[in-house]
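Shown here: entry-v6.cif, mmCIF, C-alpha atoms.
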data_my_file
#
loop_
_atom_site.label_atom_id
_atom_site.label_comp_id
_atom_site.auth_asym_id
_atom_site.auth_seq_id
_atom_site.Cartn_x
_atom_site.Cartn_y
_atom_site.Cartn_z
CA MET C 295 177.84 49.88 72.57
CA THR C 296 178.92 50.08 76.20
CA ASP C 297 179.32 46.55 77.48
CA VAL C 298 177.19 46.94 80.60
CA THR C 299 174.27 44.73 81.60
CA ILE C 300 170.84 46.23 82.18
CA LEU C 301 169.71 44.57 85.38
CA THR C 302 166.24 43.06 85.61
CA THR C 303 163.95 45.07 87.88
CA PRO C 304 160.42 44.39 89.21
CA LYS C 305 157.72 44.96 86.59
CA ALA C 306 155.99 47.38 88.94
CA TRP C 307 158.92 49.78 88.66
CA PRO C 308 158.24 52.34 85.91
CA ALA C 309 160.59 52.80 82.95
CA ILE C 310 160.91 56.54 82.36
CA LEU C 311 164.57 56.95 81.40
CA LEU C 312 165.19 53.58 79.75
CA PRO C 313 161.92 52.59 78.08
CA ARG C 314 161.32 48.88 77.70
CA PRO C 315 161.96 47.18 75.34
CA ALA C 316 165.15 48.81 74.04
CA ALA C 317 165.81 46.78 70.90
CA GLY C 318 166.89 47.99 67.48
CA ASP C 319 168.91 51.02 66.45
CA PRO C 320 168.56 53.73 69.14
CA ALA C 321 169.27 56.42 66.51
CA ASP C 322 166.34 55.29 64.31
CA LEU C 323 164.17 58.41 64.42
CA ASP C 324 161.14 56.79 62.76
CA ALA C 325 161.03 54.03 65.35
CA ALA C 326 161.58 56.54 68.15
CA THR C 327 158.76 58.84 67.03
CA LYS C 328 156.40 55.89 66.70
CA ALA C 329 157.24 55.08 70.31
CA GLY C 330 156.39 58.64 71.35
CA ALA C 331 159.63 60.58 70.96
CA PHE C 332 159.22 64.37 70.55
CA ALA C 333 155.56 64.32 71.55
CA GLY C 334 156.61 66.24 74.64
CA LEU C 335 158.42 68.89 72.60
CA HIS C 336 155.40 69.36 70.34
CA LYS C 337 153.11 69.70 73.37
CA ALA C 338 155.42 72.22 75.02
CA ILE C 339 155.57 74.41 71.90
CA ARG C 340 151.93 74.15 70.81
CA ASP C 341 150.05 73.89 74.11
CA LEU C 342 152.09 74.93 77.13
CA GLY C 343 154.32 77.73 75.96
CA ALA C 344 157.57 78.58 77.71
CA THR C 345 155.97 79.74 80.97
CA GLY C 346 153.61 76.78 81.10
CA THR C 347 156.46 74.36 80.44
CA ILE C 348 158.46 75.74 83.35
CA ALA C 349 155.38 75.55 85.56
CA THR C 350 154.80 71.93 84.54
CA ILE C 351 158.34 70.91 85.46
CA GLY C 352 158.06 72.83 88.72
CA ALA C 353 154.81 71.07 89.65
CA SER C 354 156.39 67.68 88.94
CA GLY C 355 159.03 68.14 91.66
CA LEU C 356 161.86 67.07 89.33
CA ARG C 357 165.27 67.49 90.96
CA GLY C 358 168.58 67.37 89.13
CA ARG C 359 170.11 63.90 88.88
CA GLY C 360 173.69 65.17 88.76
CA GLY C 361 174.21 64.62 92.47
CA ALA C 362 173.15 67.86 94.14
CA GLY C 363 169.41 67.38 93.67
CA PHE C 364 168.66 71.04 92.90
CA PRO C 365 165.05 71.72 91.74
CA THR C 366 165.11 71.78 87.95
CA ALA C 367 162.47 74.45 87.44
CA ASP C 368 164.30 76.89 89.72
CA LYS C 369 167.27 76.90 87.34
CA TRP C 370 164.94 77.49 84.41
CA ARG C 371 163.14 80.40 86.06
CA THR C 372 166.42 82.08 86.95
CA ALA C 373 167.89 81.69 83.46
CA ALA C 374 164.69 82.79 81.73
CA ALA C 375 164.39 85.90 83.92
CA THR C 376 168.01 87.02 83.44
CA PRO C 377 168.33 89.65 80.70
CA ALA C 378 170.86 88.47 78.11
CA SER C 379 171.67 88.43 74.42
CA GLY C 380 171.40 84.64 74.42
CA ARG C 381 171.04 81.60 76.65
CA VAL C 382 172.55 78.13 76.65
CA VAL C 383 171.54 74.65 77.83
CA VAL C 384 174.28 72.11 78.53
CA ALA C 385 173.75 68.38 78.93
CA ASN C 386 176.45 66.86 81.13
CA GLY C 387 177.00 63.35 79.83
CA TYR C 388 180.68 63.18 80.71
CA GLY C 389 180.25 60.39 83.27
CA ALA C 390 183.23 61.32 85.43
CA ASP C 391 183.01 58.38 87.84
CA PRO C 392 185.06 55.40 86.58
CA SER C 393 182.84 53.05 88.60
CA ALA C 394 179.56 54.04 86.92
CA SER C 395 178.27 53.88 83.33
CA THR C 396 174.81 55.33 83.88
CA ASP C 397 175.28 58.36 81.58
CA ALA C 398 176.85 56.35 78.77
CA ILE C 399 174.10 53.72 78.90
CA LEU C 400 171.39 56.37 78.73
CA LEU C 401 172.97 58.24 75.82
CA GLU C 402 173.50 55.05 73.85
CA ARG C 403 170.08 53.55 74.47
CA ASN C 404 167.83 56.60 74.62
CA PRO C 405 169.58 59.45 72.77
CA TYR C 406 166.32 61.02 71.63
CA GLY C 407 165.08 61.23 75.21
CA VAL C 408 168.09 63.38 76.07
CA ILE C 409 167.88 65.44 72.87
CA GLU C 410 164.16 66.07 73.34
CA GLY C 411 164.65 67.04 76.98
CA LEU C 412 167.43 69.37 75.91
CA ALA C 413 165.16 70.98 73.32
CA ILE C 414 162.29 71.41 75.80
CA ALA C 415 164.64 73.06 78.30
CA ALA C 416 165.98 75.37 75.59
CA PHE C 417 162.45 76.30 74.52
CA ALA C 418 161.43 77.01 78.11
CA ILE C 419 164.30 79.38 78.92
CA GLY C 420 164.58 80.96 75.47
CA ALA C 421 167.93 79.40 74.52
CA GLY C 422 169.11 79.12 70.94
CA GLU C 423 172.17 77.04 71.74
CA ALA C 424 172.45 73.59 73.31
CA ILE C 425 175.53 71.47 73.97
CA ILE C 426 175.86 67.80 74.80
CA ALA C 427 179.17 67.23 76.60
CA VAL C 428 180.58 63.70 76.47
CA ARG C 429 183.85 61.98 77.23
CA THR C 430 186.39 62.08 74.40
CA GLY C 431 186.98 58.34 74.43
CA ALA C 432 183.29 57.35 74.43
CA SER C 433 183.27 56.41 70.74
CA GLY C 434 180.02 54.43 70.86
CA VAL C 435 178.18 57.25 72.61
CA ILE C 436 179.54 59.81 70.16
CA ARG C 437 178.51 57.80 67.10
CA THR C 438 174.99 57.30 68.41
CA LEU C 439 174.57 60.95 69.36
CA GLU C 440 175.94 62.22 66.04
CA ALA C 441 173.48 60.06 64.13
CA ALA C 442 170.56 61.05 66.35
CA VAL C 443 171.31 64.79 66.27
CA ALA C 444 171.69 64.70 62.48
CA ALA C 445 168.38 62.87 62.05
CA ALA C 446 166.54 65.23 64.39
CA GLU C 447 167.96 68.25 62.60
CA GLU C 448 167.02 66.88 59.17
CA ALA C 449 163.48 66.34 60.43
CA GLY C 450 163.27 69.94 61.63
CA LEU C 451 162.93 68.97 65.30
CA ILE C 452 166.05 70.96 66.14
CA GLY C 453 168.05 73.46 64.10
CA LEU C 454 166.59 76.25 61.96
CA ASP C 455 163.09 77.42 62.96
CA ALA C 456 162.78 74.51 65.40
CA PHE C 457 160.53 76.54 67.75
CA GLY C 458 158.83 78.57 65.04
CA PRO C 459 159.92 81.10 62.39
CA GLY C 460 163.22 82.69 63.39
CA ARG C 461 163.51 80.64 66.57
CA HIS C 462 166.46 78.33 66.05
CA LEU C 463 168.11 75.72 68.24
CA ASP C 464 171.70 74.83 67.44
CA VAL C 465 172.64 71.50 69.08
CA THR C 466 176.31 70.49 69.12
CA ILE C 467 178.18 67.56 70.59
CA ARG C 468 181.32 68.58 72.43
CA THR C 469 183.91 66.07 73.56
CA VAL C 470 185.82 66.90 76.72
CA GLN C 471 188.59 65.15 78.55
CA GLY C 472 189.75 65.85 82.06
CA ALA C 473 189.52 64.73 85.63
CA TYR C 474 186.83 63.42 87.95
CA LEU C 475 185.96 67.04 88.71
CA LEU C 476 184.22 67.54 85.36
CA GLY C 477 181.04 66.37 87.05
CA GLU C 478 180.88 69.81 88.70
CA GLU C 479 179.02 72.27 86.48
CA THR C 480 181.33 75.30 86.70
CA ILE C 481 184.35 73.10 85.94
CA LEU C 482 182.58 71.58 82.93
CA LEU C 483 181.82 75.05 81.61
CA LYS C 484 185.48 76.00 81.98
CA ALA C 485 186.44 72.90 79.98
CA LEU C 486 183.95 73.83 77.25
CA GLU C 487 185.61 77.24 77.03
CA GLY C 488 189.04 75.64 76.72
CA LYS C 489 190.13 76.87 80.12
CA ARG C 490 191.73 75.10 83.07
CA GLY C 491 189.22 72.91 84.88
CA GLN C 492 188.77 74.63 88.23
CA PRO C 493 185.59 75.63 90.06
CA GLU C 494 184.30 79.17 90.38
CA GLN C 495 183.02 80.94 93.47
CA ARG C 496 179.24 81.03 93.54
CA PRO C 497 177.26 83.27 93.26
CA PRO C 498 176.96 84.12 90.45
CA HIS C 499 175.54 80.78 89.45
CA PRO C 500 175.69 79.54 85.86
CA ALA C 501 171.96 80.17 85.48
CA THR C 502 172.73 83.90 85.62
CA ARG C 503 176.28 83.92 84.23
CA GLY C 504 177.70 80.76 82.74
CA LEU C 505 179.19 79.79 79.40
CA ARG C 506 180.78 82.87 77.78
CA GLY C 507 178.99 84.99 80.39
CA LEU C 508 175.53 83.91 79.18
CA PRO C 509 172.78 82.46 81.41
CA THR C 510 173.44 78.72 81.22
CA VAL C 511 171.39 75.80 82.50
CA VAL C 512 173.50 72.70 83.11
CA HIS C 513 171.72 69.38 83.60
CA ASN C 514 172.79 65.79 83.92
CA VAL C 515 171.49 63.75 80.99
CA GLN C 516 169.16 61.80 83.29
CA THR C 517 167.42 65.01 84.32
CA LEU C 518 166.84 65.89 80.67
CA ALA C 519 165.59 62.43 79.73
CA ALA C 520 162.84 62.66 82.36
CA ILE C 521 161.46 65.93 81.01
CA PRO C 522 159.59 64.61 77.91
CA TRP C 523 157.80 62.00 80.04
CA ILE C 524 156.66 64.69 82.46
CA VAL C 525 155.36 66.96 79.72
CA VAL C 526 153.45 64.14 78.01
CA ASN C 527 152.06 62.39 81.10
CA GLY C 528 151.62 65.40 83.34
CA PRO C 529 153.38 66.54 86.50
CA GLU C 530 150.91 64.77 88.77
CA ALA C 531 151.77 61.37 87.26
CA PHE C 532 155.50 62.00 87.76
CA ALA C 533 155.00 63.21 91.33
CA LYS C 534 153.37 59.88 92.19
CA VAL C 535 156.50 57.93 91.18
CA GLY C 536 159.16 57.41 93.82
CA ALA C 537 159.56 59.50 96.96
CA THR C 538 157.31 62.42 97.87
CA ASP C 539 160.19 64.87 98.29
CA CYS C 540 162.10 63.48 95.33
CA PRO C 541 159.83 61.93 92.69
CA GLY C 542 160.72 60.01 89.56
CA THR C 543 163.34 57.39 88.77
CA ILE C 544 167.12 57.34 88.57
CA LEU C 545 169.77 55.09 87.04
CA VAL C 546 171.99 53.23 89.47
CA HIS C 547 175.13 51.25 88.65
CA VAL C 548 175.08 48.30 91.03
CA ARG C 549 178.10 46.11 91.71
CA GLY C 550 177.13 43.08 93.77
CA PRO C 551 178.35 39.57 94.51
CA GLU C 552 176.33 37.96 91.73
CA ALA C 553 175.66 40.69 89.16
CA THR C 554 176.91 44.04 87.98
CA GLY C 555 174.96 46.44 85.82
CA VAL C 556 172.69 49.46 85.51
CA ALA C 557 169.13 49.56 86.78
CA GLU C 558 166.40 52.19 86.68
CA VAL C 559 164.95 52.45 90.17
CA PRO C 560 162.25 54.66 91.71
CA MET C 561 163.64 57.37 93.96
CA GLY C 562 163.16 56.40 97.60
CA THR C 563 163.83 52.69 96.98
CA PRO C 564 165.56 51.24 100.07
CA LEU C 565 169.26 50.49 99.62
CA ARG C 566 168.47 46.88 100.50
CA GLU C 567 166.40 46.45 97.34
CA ILE C 568 168.99 48.16 95.16
CA ALA C 569 171.81 45.99 96.54
CA ALA C 570 169.64 42.90 96.00
CA LEU C 571 169.66 43.62 92.25
CA GLY C 572 173.35 42.70 92.39
CA GLY C 573 172.74 39.59 94.47
CA ALA C 574 173.33 40.98 97.96
CA GLY C 575 171.45 38.95 100.53
CA ALA C 576 170.82 36.07 98.14
CA ALA C 577 171.11 32.50 99.35
CA GLY C 578 174.74 31.44 99.29
CA ALA C 579 176.09 34.97 98.98
CA ARG C 580 178.71 36.11 101.48
CA PRO C 581 177.45 38.46 104.21
CA THR C 582 177.25 42.11 103.27
CA LYS C 583 179.71 44.13 105.32
CA ALA C 584 179.22 47.56 103.79
CA LEU C 585 177.83 49.55 100.89
CA LEU C 586 179.84 52.24 99.11
CA VAL C 587 177.19 54.71 97.96
CA GLY C 588 178.04 57.65 95.70
CA GLY C 589 181.25 56.70 93.90
CA PRO C 590 184.85 57.47 94.89
CA SER C 591 183.76 60.30 97.18
CA GLY C 592 180.84 58.31 98.53
CA GLY C 593 179.98 57.18 102.02
CA ILE C 594 180.67 53.71 103.41
CA LEU C 595 177.48 52.54 105.08
CA PRO C 596 176.95 49.47 107.34
CA PRO C 597 174.27 46.78 106.93
CA GLU C 598 172.18 48.64 109.52
CA ALA C 599 171.70 51.36 106.90
CA LEU C 600 170.22 49.06 104.26
CA ASP C 601 166.73 50.42 104.85
CA THR C 602 167.84 53.98 104.04
CA PRO C 603 165.75 55.39 101.17
CA TYR C 604 167.72 56.22 98.03
CA THR C 605 167.07 59.97 98.05
CA PHE C 606 169.32 62.99 98.20
CA ASP C 607 168.35 64.04 101.70
CA ALA C 608 168.19 60.60 103.32
CA LEU C 609 171.61 59.60 102.02
CA ARG C 610 173.18 62.88 103.13
CA ALA C 611 171.82 62.31 106.62
CA ALA C 612 173.31 58.81 106.63
CA GLY C 613 176.75 60.08 105.58
CA ALA C 614 176.66 59.26 101.86
CA HIS C 615 175.26 60.86 98.70
CA ILE C 616 173.80 59.89 95.33
CA GLY C 617 176.75 61.26 93.40
CA SER C 618 177.30 59.29 90.22
CA GLY C 619 174.67 56.69 91.06
CA SER C 620 177.15 53.99 92.03
CA VAL C 621 176.25 51.41 94.69
CA ILE C 622 178.98 48.88 95.44
CA VAL C 623 178.44 45.93 97.79
CA ALA C 624 181.43 44.94 99.95
CA ASP C 625 181.32 41.53 101.64
CA ASP C 626 182.92 40.35 104.88
CA ARG C 627 186.35 40.00 103.23
CA ALA C 628 186.68 43.77 102.70
CA CYS C 629 188.75 46.01 104.95
CA ILE C 630 186.98 49.29 105.57
CA VAL C 631 190.23 51.07 106.43
CA ASP C 632 191.85 50.00 103.19
CA LEU C 633 188.74 50.88 101.17
CA ALA C 634 188.53 54.35 102.72
CA ARG C 635 192.26 54.84 102.23
CA VAL C 636 192.14 54.02 98.51
CA LEU C 637 189.12 56.25 97.92
CA THR C 638 190.61 59.18 99.83
CA ARG C 639 193.88 58.87 97.91
CA TYR C 640 191.94 58.88 94.63
CA CYS C 641 189.99 61.99 95.65
CA ALA C 642 193.21 63.74 96.73
CA ASP C 643 194.88 62.90 93.42
CA GLU C 644 191.89 64.20 91.46
CA ALA C 645 191.69 67.48 93.39
CA CYS C 646 192.38 70.53 91.22
CA GLY C 647 194.45 72.34 93.82
CA LYS C 648 192.79 75.75 93.50
CA THR C 649 192.28 76.15 97.26
CA ILE C 650 194.39 75.15 100.25
CA PRO C 651 191.78 72.66 101.58
CA CYS C 652 191.76 71.05 98.14
CA ARG C 653 195.50 71.19 97.48
CA ILE C 654 196.81 70.27 100.94
CA GLY C 655 193.94 69.18 103.18
CA THR C 656 192.80 66.23 101.07
CA LYS C 657 196.40 64.98 100.80
CA ARG C 658 196.81 65.13 104.58
CA LEU C 659 193.62 63.10 104.91
CA ALA C 660 195.02 60.52 102.50
CA GLU C 661 198.22 60.33 104.53
CA ILE C 662 196.22 59.58 107.68
CA GLY C 663 194.50 56.74 105.82
CA ASP C 664 197.87 55.43 104.61
CA ARG C 665 199.22 55.42 108.18
CA LEU C 666 196.16 53.60 109.49
CA SER C 667 196.54 50.92 106.84
CA ALA C 668 200.29 50.55 107.39
CA GLY C 669 200.08 50.41 111.17
CA THR C 670 202.19 53.56 111.58
CA SER C 671 199.50 55.86 112.97
CA ARG C 672 200.48 58.69 115.26
CA ALA C 673 198.86 59.63 118.54
CA GLY C 674 195.89 61.87 117.86
CA ASP C 675 195.47 60.81 114.22
CA LEU C 676 191.74 60.20 114.60
CA ASN C 677 191.22 63.58 116.26
CA LEU C 678 193.27 65.15 113.49
CA LEU C 679 191.15 63.34 110.89
CA THR C 680 187.94 64.70 112.45
CA ASP C 681 189.21 68.27 112.78
CA LEU C 682 190.79 68.34 109.32
CA ALA C 683 187.68 66.94 107.64
CA SER C 684 185.54 69.54 109.39
CA ASP C 685 187.85 72.36 108.28
CA ILE C 686 187.85 71.13 104.67
CA VAL C 687 184.06 70.97 104.53
CA ALA C 688 183.66 74.40 106.13
CA SER C 689 186.06 76.18 103.80
CA ALA C 690 185.68 74.22 100.56
CA LEU C 691 185.01 75.95 97.25
CA CYS C 692 183.30 73.01 95.54
CA ASP C 693 181.56 69.75 96.35
CA HIS C 694 184.59 67.64 95.51
CA GLU C 695 186.46 69.00 98.52
CA ARG C 696 183.46 68.57 100.80
CA LEU C 697 182.70 65.05 99.65
CA ALA C 698 186.33 63.87 99.57
CA THR C 699 186.11 63.61 103.35
CA LEU C 700 183.24 61.13 103.31
CA PRO C 701 185.06 57.77 102.90
CA LEU C 702 187.22 58.19 106.01
CA VAL C 703 184.62 60.08 108.02
CA SER C 704 181.84 57.57 107.33
CA GLY C 705 184.28 54.71 107.91
CA MET C 706 185.14 56.11 111.32
CA ARG C 707 181.46 56.77 112.08
CA TYR C 708 180.23 53.26 111.36
CA PHE C 709 183.31 51.05 111.61
CA ARG C 710 185.23 52.58 114.51
CA ALA C 711 186.11 49.18 115.97
CA GLU C 712 187.95 48.24 112.77
CA LEU C 713 189.85 51.53 112.78
CA ASP C 714 190.82 50.94 116.42
CA GLU C 715 192.19 47.50 115.49
CA HIS C 716 194.52 49.15 113.01
CA LEU C 717 195.33 52.08 115.28
CA GLU C 718 195.80 50.39 118.64
CA ARG C 719 196.79 46.85 117.78
CA GLY C 720 198.43 47.32 114.40
CA SER C 721 196.36 44.50 112.92
CA CYS C 722 193.83 44.15 110.12
CA PRO C 723 190.81 41.96 111.07
CA ALA C 724 190.07 41.32 107.39
CA GLY C 725 193.67 40.37 106.62
CA VAL C 726 193.83 42.85 103.76
CA CYS C 727 196.27 45.40 105.12
CA HIS C 728 199.73 44.43 106.23
CA PRO C 729 200.59 46.73 109.09
CA ILE C 730 204.03 46.69 110.65
CA ALA C 731 202.85 44.67 113.63
CA MET C 732 201.39 41.98 111.44
CA ALA C 733 204.40 41.89 109.17
CA ALA C 734 206.76 41.63 112.14
CA SER C 735 204.84 38.74 113.66
CA ALA C 736 204.95 36.91 110.35
CA MET C 737 208.76 36.99 110.40
CA HIS C 738 209.04 34.88 113.57
#

Is it possible to give me this structure as structure tokens?
Amino acid sequence: MTDVTILTTPKAWPAILLPRPAAGDPADLDAATKAGAFAGLHKAIRDLGATGTIATIGASGLRGRGGAGFPTADKWRTAAATPASGRVVVANGYGADPSASTDAILLERNPYGVIEGLAIAAFAIGAGEAIIAVRTGASGVIRTLEAAVAAAEEAGLIGLDAFGPGRHLDVTIRTVQGAYLLGEETILLKALEGKRGQPEQRPPHPATRGLRGLPTVVHNVQTLAAIPWIVVNGPEAFAKVGATDCPGTILVHVRGPEATGVAEVPMGTPLREIAALGGAGAAGARPTKALLVGGPSGGILPPEALDTPYTFDALRAAGAHIGSGSVIVADDRACIVDLARVLTRYCADEACGKTIPCRIGTKRLAEIGDRLSAGTSRAGDLNLLTDLASDIVASALCDHERLATLPLVSGMRYFRAELDEHLERGSCPAGVCHPIAMAASAMH
């Protein structure tokens, strides 16, 4: 299994995605059903019906956990209402961010939660095909999923006549390998079709025309794992968990000074409490200088932002985003300029190159970061950074281009004094970078 610690959280925090305890074989169907697995699917089929199931998810306020936070039921309504010869549900478990293992942990520890959520979604929109997309090299995840899918099919929970006579659900596991961009749904669909991984102009959205031209609902595995709980416990119970505008829980990969691991936290939890799970603010810990929130294309936030609620809208307003669910604590030894430079270079290297802002703009941003770090900045570099970032966001085709600007833009927004040290004095207050001015002084 993935060697990642499950961080201890307060007992008052609900366990929806990673039920406690999580001992034994996660692919043991008998144990899973005794613990309540597939009760939601049975209720959806027998009691709610397709329309009632969609209404239940809509009333719960569930928003997609893949980063964009789009209302789940809206996708379902669109796909169900689109005339087509077939429909598809895709679970995105690729886990594109190298700094986060939230998807892998969920698939390994609660595979039936994802499979059941996938089946409920398929039932609701009238899909007969479902795909679980995972990373090619995730051998532990693949083994667990293969065993769980086989057991569920043998038990008649998926497969032939799963939703009644003549109503089948074919569930397949598809391994994909590619870049960071596979977290974007249209790029994932391209990969599943064996095509080059580049985004598509929207509209049309996948819910109306997706995989092989069929209406396709794409969900992060965390979104799917929440669905059975909602159906069993009711939308009102789910709506009471977490934030009013964004209920439920989410998995966060925390990297702190004392601990690193995955935690299930209620939406709306202040960043301060999430960072504390990794030891930030603990006695003896070095002072927190910044939080990187959202992965490689995330925002770099100052300690003054620690009370920001962990929700889609609040983080966007602060200059970050949920993204992959990664929260990294940087102490007083970190250089914000160097951190932003490395992240921007990574985002530029991962860009697919389909559009000019993606192919050229992100590389120019990375070059500005390199010059700041090396002490070779040009006059007007910060104005150029601002204008270029604005142009990229305004003309971008996909979220990767828009979000690739965040590390440098948020760094300049909150840590301008540190950027000025590099720009005007050619020095690095943290002693991480080695600008020309610093290197020259060291020679004397």

Distance query C:Arg665 at most 9 Å, only C-alpha atoms, self and fewer than 6 positions along chain excluded, as a list in words: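 The residues satisfying every condition are Ser671, Arg672, Asp675, Leu717 and Pro729 of chain C.
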
Target residues per the PyMOL selection byres ((chain C and resi 470) around 8), formatted as a PyMOL selection string: chain C and resi 388+427-430+468-469+471-472+485-486

Output C-alpha atoms for every residue in the selection just made, as a PDB file, keeping the file's coordinate frame.
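See result_24.pdb below for the written result:
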ATOM      1  CA  TYR C 388     180.680  63.180  80.710  1.00  0.00           C
ATOM      2  CA  ALA C 427     179.170  67.230  76.600  1.00  0.00           C
ATOM      3  CA  VAL C 428     180.580  63.700  76.470  1.00  0.00           C
ATOM      4  CA  ARG C 429     183.850  61.980  77.230  1.00  0.00           C
ATOM      5  CA  THR C 430     186.390  62.080  74.400  1.00  0.00           C
ATOM      6  CA  ARG C 468     181.320  68.580  72.430  1.00  0.00           C
ATOM      7  CA  THR C 469     183.910  66.070  73.560  1.00  0.00           C
ATOM      8  CA  GLN C 471     188.590  65.150  78.550  1.00  0.00           C
ATOM      9  CA  GLY C 472     189.750  65.850  82.060  1.00  0.00           C
ATOM     10  CA  ALA C 485     186.440  72.900  79.980  1.00  0.00           C
ATOM     11  CA  LEU C 486     183.950  73.830  77.250  1.00  0.00           C
TER      12      LEU C 486
END

Going by the chain IDs and residue numbers used in this file, which residues fall under the PyMOL selection byres ((chain C and resi 445) around 12)? Write them as a PDB file with C-alpha atoms, in the frame of the given file.
ATOM      1  CA  PRO C 320     168.560  53.730  69.140  1.00  0.00           C
ATOM      2  CA  ALA C 321     169.270  56.420  66.510  1.00  0.00           C
ATOM      3  CA  ASP C 322     166.340  55.290  64.310  1.00  0.00           C
ATOM      4  CA  LEU C 323     164.170  58.410  64.420  1.00  0.00           C
ATOM      5  CA  ASP C 324     161.140  56.790  62.760  1.00  0.00           C
ATOM      6  CA  ALA C 325     161.030  54.030  65.350  1.00  0.00           C
ATOM      7  CA  ALA C 326     161.580  56.540  68.150  1.00  0.00           C
ATOM      8  CA  THR C 327     158.760  58.840  67.030  1.00  0.00           C
ATOM      9  CA  PRO C 405     169.580  59.450  72.770  1.00  0.00           C
ATOM     10  CA  TYR C 406     166.320  61.020  71.630  1.00  0.00           C
ATOM     11  CA  ILE C 409     167.880  65.440  72.870  1.00  0.00           C
ATOM     12  CA  THR C 438     174.990  57.300  68.410  1.00  0.00           C
ATOM     13  CA  LEU C 439     174.570  60.950  69.360  1.00  0.00           C
ATOM     14  CA  GLU C 440     175.940  62.220  66.040  1.00  0.00           C
ATOM     15  CA  ALA C 441     173.480  60.060  64.130  1.00  0.00           C
ATOM     16  CA  ALA C 442     170.560  61.050  66.350  1.00  0.00           C
ATOM     17  CA  VAL C 443     171.310  64.790  66.270  1.00  0.00           C
ATOM     18  CA  ALA C 444     171.690  64.700  62.480  1.00  0.00           C
ATOM     19  CA  ALA C 446     166.540  65.230  64.390  1.00  0.00           C
ATOM     20  CA  GLU C 447     167.960  68.250  62.600  1.00  0.00           C
ATOM     21  CA  GLU C 448     167.020  66.880  59.170  1.00  0.00           C
ATOM     22  CA  ALA C 449     163.480  66.340  60.430  1.00  0.00           C
ATOM     23  CA  GLY C 450     163.270  69.940  61.630  1.00  0.00           C
ATOM     24  CA  LEU C 451     162.930  68.970  65.300  1.00  0.00           C
ATOM     25  CA  ILE C 452     166.050  70.960  66.140  1.00  0.00           C
ATOM     26  CA  GLY C 453     168.050  73.460  64.100  1.00  0.00           C
ATOM     27  CA  VAL C 465     172.640  71.500  69.080  1.00  0.00           C
TER      28      VAL C 465
END

Could you state the separation of atom CA of C:Asp297 and atom CA of C:Gly361 in Å, given to one decimal place?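 Interatomic distance here is 24.0 Å.
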
Selection dump of the PyMOL selection byres ((chain C and resi 630) around 10), as a PyMOL selection string: chain C and resi 583-584+594+624+626-629+631-636+667+701-702+704-706+708-710+712-713+722-724+726

Find the residues near stretch 645-662 of chain C: any atom within 6 Å, counting all atoms listed in the file, skip ones fewer than 4 places away on the same chain, and give them as a list in words.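 My reading of the contact set: Thr638, Arg639, Ile686 and Glu695 of chain C.
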
Could you tell me how far atom CA of C:Asp464 lies from atom CA of C:Leu482, in Å and to one decimal?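 One can read the atom CA of C:Asp464 to atom CA of C:Leu482 distance as 19.2 Å.
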
Of the residues C:Gly578, C:Gly434, C:Gly352, C:Gly488, which is the one nearest to C:Ala367, using only C-alpha atoms? C:Gly352
